[in-house]
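> Starting off with a structure, shown below.
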Amino acid sequence: MGLKNEAQTAYQNTKSVYREYISGMTRERMGKDFYKDTDRLKQLYEEAIQEGAEQRDPEDIPGHLKFLRLFSALTERLNPTRRLLFGLSVIAFIFHYLFGVLQLTGFILFYELLLPFAFGSMLILLLVELLEKSDVKREIDLARDIQLSLLPGTEFKGTSLEIFSFATTAKEVGGDYVDIIETESGTYVIIADVSGKGLSAALYMVRMQALVHLIIEKHQPSPKQLFLELNDYVKSGIADKTFVTACAAFFPIEKDYFTFARAGHNAPILFNKERDVTFDLRSDGFALGMTSSANLKFHLQEKKFQFGSGDSVLFYTDGLTEARNEVGEEYGEDRLDAILSIYGSLHAKTIVRKVQSSLENFIGQEKPGDDITFTCVHRSG
């Protein structure tokens, strides 16, 4: 009985390891990963061929030289020790088969060790790279947790305002920024999109958040003045080519209006309950970091919009409207406008959930190509 139980345990453990090993190996997932990896190799190949070929047509470069450049581009990504081990393993492979073809195996004392050394070296390199990748992923996951902890909660309720937000990233961390800052005189709602994706955009986003809080706590500026001061910081780095699109709205306490400025960002959609209509909040303005503060001050408009009981306004980043389904069709602004037209008088949470559900049904199994962030402000009283 004991032997039978041990056999069953061993079988179950083997089965469990097998299931973990093949988890995620669906035809669709493997196809996408294959195309992603081949595209990355193609990009690396093109970069390697073009490097140092400014005065020469890439088509005229000999095949062996292309191979050497690609090989060099790959090995440069290894540290010196791993590069040495990789080179020795490649040499061991070559000499193992070369000695076999030349029938010199009987004269080479270490011939039988060449293939095991090459295989073992490659296996060690693979394992070390995988461990390092795992450590990097763990650090990025920690960065994601830190980033999310810095953002405001999903739901906010003030005296007469309800605000609900949704955010998801195309990568582990993202460059979209949404914030709700409550002051004695009213509530600020800011949404922004840092150019680019990934870790660099996320770090820039955290910097922007700190600056926004600092400026608002110190000066409580109007939306236009907030952007002008932010632009000074963004333009302070001469070599920095990053730019930021943004919208900012200020909702004064116990007032039936809000002030608004748009710096090259997607125009929010406002629902007016009294007239039962929706319209875009269009206003002029360059993205932050694209022009001098003096020029931005001249072109940036600040507008005032009525915001009575039952009205709602939806702020969003371009990742929402540019999300694509499996046939390449974009989600678009018309779908957002239709949702606001139907559900605009309801609570902010309901509107956001309707948009989220509509988006999920539209894209299906497709993964977002960009960060998606949107937030709804609703006046309940």
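Scheme for the structure tokens: letters A, B, ... for chains in order shown; per-chain residue numbers from 1; ligand numbers from 1 in order shown.
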Could you give me the residues within region 301-368 of chain A that DSSP places in helix (DSSP H, G or I), as a ChimeraX atom specification?
/A:318-321,332-343,348-363
> Using only C-alpha atoms, please write the residues we just selected to a file, as a short mmCIF file (atom, residue, chain, number, x, y, z; two decimals), in the first residue's frame.

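Once everything was written out, this is again_24.cif:
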data_model
loop_
_atom_site.label_atom_id
_atom_site.label_comp_id
_atom_site.auth_asym_id
_atom_site.auth_seq_id
_atom_site.Cartn_x
_atom_site.Cartn_y
_atom_site.Cartn_z
CA ASP A 318 -5.90 58.03 -26.37
CA GLY A 319 -5.35 54.40 -25.39
CA LEU A 320 -9.12 54.12 -24.94
CA THR A 321 -10.26 55.45 -28.32
CA GLY A 332 -13.26 55.44 -31.48
CA GLU A 333 -14.96 58.43 -29.89
CA ASP A 334 -18.43 57.71 -31.27
CA ARG A 335 -18.92 54.77 -28.91
CA LEU A 336 -17.96 56.95 -25.93
CA ASP A 337 -20.35 59.65 -27.05
CA ALA A 338 -23.16 57.08 -27.38
CA ILE A 339 -22.54 55.74 -23.86
CA LEU A 340 -22.59 59.25 -22.38
CA SER A 341 -25.75 60.06 -24.32
CA ILE A 342 -27.54 57.09 -22.76
CA TYR A 343 -26.03 56.84 -19.28
CA ALA A 348 -19.91 58.09 -12.17
CA LYS A 349 -19.23 54.47 -11.23
CA THR A 350 -22.06 53.25 -13.48
CA ILE A 351 -20.78 55.26 -16.45
CA VAL A 352 -17.22 53.97 -16.02
CA ARG A 353 -18.44 50.37 -15.73
CA LYS A 354 -20.50 50.82 -18.91
CA VAL A 355 -17.44 52.12 -20.79
CA GLN A 356 -15.29 49.31 -19.40
CA SER A 357 -17.82 46.66 -20.41
CA SER A 358 -18.22 48.17 -23.87
CA LEU A 359 -14.45 48.24 -24.36
CA GLU A 360 -13.98 44.64 -23.21
CA ASN A 361 -16.71 43.41 -25.54
CA PHE A 362 -15.17 45.36 -28.41
CA ILE A 363 -11.53 44.24 -28.13
#
> Fewer than 3 positions away in the same chain doesn't count, so skip those; otherwise give me all residues within 9 Å of Glu302 (chain A), counting only C-alpha atoms, as a list in words.
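Near Glu302 (chain A), the qualifying residues are Ser222, Pro223, Lys224, Thr259, Phe260, Ala261, Arg262, Ser283 and Asp284 of chain A.
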> Give the strand (DSSP E) residues of region 187-366 of chain A, as DSSP finds them on the backbone, and put them as number ranges by chain.
A: 187-194, 244-252, 257-263, 269-272, 277-280, 302-306, 312-316
> Could you list, as JSON, numbers by chain, every residue within 7 Å of Ala263 (chain A), counting only C-alpha atoms and ignoring same-chain residues fewer than 3 positions away?
{"A": [245, 246, 247, 285, 286, 287, 288]}
> For N, CA, C and O atoms, I'd like the residues from the last selection saved as a PDB file, in the first residue's frame.

ATOM      1  N   THR A 245       0.787  65.186 -22.917  1.00  0.00           N
ATOM      2  CA  THR A 245      -0.535  65.747 -23.191  1.00  0.00           C
ATOM      3  C   THR A 245      -1.353  65.657 -21.910  1.00  0.00           C
ATOM      4  O   THR A 245      -1.195  64.710 -21.130  1.00  0.00           O
ATOM      5  N   ALA A 246      -2.207  66.638 -21.685  1.00  0.00           N
ATOM      6  CA  ALA A 246      -2.923  66.662 -20.407  1.00  0.00           C
ATOM      7  C   ALA A 246      -4.204  67.484 -20.494  1.00  0.00           C
ATOM      8  O   ALA A 246      -4.359  68.345 -21.365  1.00  0.00           O
ATOM      9  N   CYS A 247      -5.100  67.191 -19.574  1.00  0.00           N
ATOM     10  CA  CYS A 247      -6.297  67.996 -19.322  1.00  0.00           C
ATOM     11  C   CYS A 247      -6.353  68.277 -17.830  1.00  0.00           C
ATOM     12  O   CYS A 247      -5.998  67.421 -17.017  1.00  0.00           O
ATOM     13  N   GLY A 285      -4.358  74.509 -27.356  1.00  0.00           N
ATOM     14  CA  GLY A 285      -3.230  74.346 -26.448  1.00  0.00           C
ATOM     15  C   GLY A 285      -2.267  73.288 -26.934  1.00  0.00           C
ATOM     16  O   GLY A 285      -2.681  72.229 -27.429  1.00  0.00           O
ATOM     17  N   PHE A 286      -0.947  73.560 -26.828  1.00  0.00           N
ATOM     18  CA  PHE A 286       0.081  72.593 -27.189  1.00  0.00           C
ATOM     19  C   PHE A 286       0.306  71.611 -26.034  1.00  0.00           C
ATOM     20  O   PHE A 286       0.026  71.901 -24.877  1.00  0.00           O
ATOM     21  N   ALA A 287       0.868  70.452 -26.376  1.00  0.00           N
ATOM     22  CA  ALA A 287       1.281  69.509 -25.336  1.00  0.00           C
ATOM     23  C   ALA A 287       2.426  70.107 -24.535  1.00  0.00           C
ATOM     24  O   ALA A 287       3.225  70.899 -25.056  1.00  0.00           O
ATOM     25  N   LEU A 288       2.520  69.735 -23.278  1.00  0.00           N
ATOM     26  CA  LEU A 288       3.580  70.243 -22.413  1.00  0.00           C
ATOM     27  C   LEU A 288       4.930  69.711 -22.877  1.00  0.00           C
ATOM     28  O   LEU A 288       5.086  68.519 -23.138  1.00  0.00           O
TER      29      LEU A 288
END
> Write out as a list of chain:residue names which residues come within 10 Å of region 124-138 of chain A when counting only C-alpha atoms, dropping same-chain ones fewer than 2 positions away.
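The filter keeps A:Leu78, A:Arg82, A:Arg83, A:Leu85, A:Phe86, A:Phe119, A:Gly120, A:Ser121, A:Met122, A:Ile140, A:Asp141, A:Leu142, A:Ala143, A:Arg144, A:Glu172.
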> Near Thr375 (chain A), within 10 Å and counting only C-alpha atoms, which residues show up once chain neighbours fewer than 2 positions away are dropped, as a PyMOL selection string?
chain A and resi 154-155+163-167+178-180+189-191+268+313-317+348-349+351-352+373+377
> Would you mind listing what lies within 12 Å of Val234 (chain A) as a PyMOL selection string, with only C-alpha atoms counted and same-chain residues fewer than 3 positions away left out?
chain A and resi 194+204-205+207-208+211-212+227-231+237-245+287-293
